[in-house]
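The next block holds one structure in the form of structure tokens; read it before the comments.
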Amino acid sequence: MRLKPRFSLKADPSSGDNPRLIRWGHLIHSFHPRVQTQFPHDVAVSTDWVIQWRESLLDGVYSVPGVLIRAADGSRVRFAGHRPGMEVRWQATHHLWFQAHDGIFYAGAFLQPMPGGNLNYWALWAGYKF
């Protein structure tokens, strides 16, 4: 069995909570090292590690739909947290695919104590390409 590992590195900025500063300097940054391996039967497995920190001390941290999790409140801490994750994708046919993702977010010093502690989540997807 020939595995085809692929290594990648991605960096993403996300906007902060001050509209006047979003343009360049007021961002939440993240860094994503990732390894993806292709298995037989069109199955791909990838693991990644997302590391996030505040670029500006004025940044708050928001959830995906835009709800404020924690305001800056004068904190001098930049590290927001990190999330290891794993994804499995099966290309069942030329048109049909299934995917599962699991990850846990470990709150960094800026988000401690985080309500409910660390966040564990999973998601399932199915898609059909016409």
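Identifiers in the structure tokens: chain A, B, ... in order shown; residue index from 1 per chain; ligand index from 1 in order shown.
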Return as a PyMOL selection string the full set of residues in chain A whose backbone-based DSSP assignment is strand (DSSP E or B).
chain A and resi 6-15+27-39+43-54+61-62+68-70+79-91+96-107+119-128
If we count only C-alpha atoms and set the cut-off at 7 Å, which residues sit around Gly85 of chain A, ignoring sequence neighbours fewer than 3 positions away in its own chain? Please answer as an NGL selection string.
:A and (47-49 or 102-104)
Residues just named, written with C-alpha atoms as a PDB file, in the first residue's frame:
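So the final result, stored in out_7.pdb, reads:
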ATOM      1  CA  THR A  47      -4.654  15.848  11.115  1.00  0.00           C
ATOM      2  CA  ASP A  48      -3.992  19.450  11.941  1.00  0.00           C
ATOM      3  CA  TRP A  49      -3.220  21.695  14.875  1.00  0.00           C
ATOM      4  CA  ASP A 102     -13.328  15.700  15.393  1.00  0.00           C
ATOM      5  CA  GLY A 103     -11.416  18.243  17.431  1.00  0.00           C
ATOM      6  CA  ILE A 104     -10.944  19.687  20.894  1.00  0.00           C
TER       7      ILE A 104
END
Can you work out the spacing between atom CA of Val45 of chain A and atom CA of Tyr62 of chain A in Å, to one decimal?
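Result for atom CA of Val45 of chain A versus atom CA of Tyr62 of chain A: 28.8 Å, one decimal.
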Selection near Leu58 of chain A, 7 Å with only C-alpha atoms, sequence-local residues under 2 positions removed, as a ChimeraX atom specification:
/A:56,60,72
Calculated over only C-alpha atoms, which of the candidates A:Phe31, A:Phe79, A:Phe110, A:Phe39 has the smallest distance to Leu3 of chain A?
A:Phe39
To one decimal place, how far is atom CA of Arg34 of chain A from atom CA of Glu87 of chain A in Å?
10.7 Å
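Separating atom CA of Phe98 of chain A from atom CA of Tyr128 of chain A is a distance of 9.1 Å.
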Given only C-alpha atoms as the basis, pick out the residue of A:Ala109, A:Leu9, A:Val64, A:Ala92 nearest to Ala44 of chain A.
A:Ala92
Please provide as a PyMOL selection string all residues within 6 Å of Trp97 of chain A, with the sequence filter that same-chain residues fewer than 5 positions apart are discarded (counting only C-alpha atoms).
chain A and resi 90-92+126-127
Quick one: of A:Val35, A:Ile28, A:Val43, A:Val88, who's nearest to Asp59 of chain A, counting only C-alpha atoms?
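Closest to Asp59 of chain A of all the choices is A:Ile28.
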Which residue gives the smallest distance to Gln99 of chain A among A:Ser8, A:Ser30, A:Ser46, A:Ser63, with only C-alpha atoms counted?
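The closest residue to Gln99 of chain A is A:Ser46.
Distances to Pro40 of chain A were evaluated for A:Ala100, A:Arg89, A:Lys10, A:Ala80 using only C-alpha atoms, and the minimum falls at A:Arg89.
Ranking A:Ala11, A:Arg6, A:Pro33, A:Leu96 by their shortest atom-to-atom distance to Pro84 of chain A, with only C-alpha atoms included, puts A:Pro33 first.
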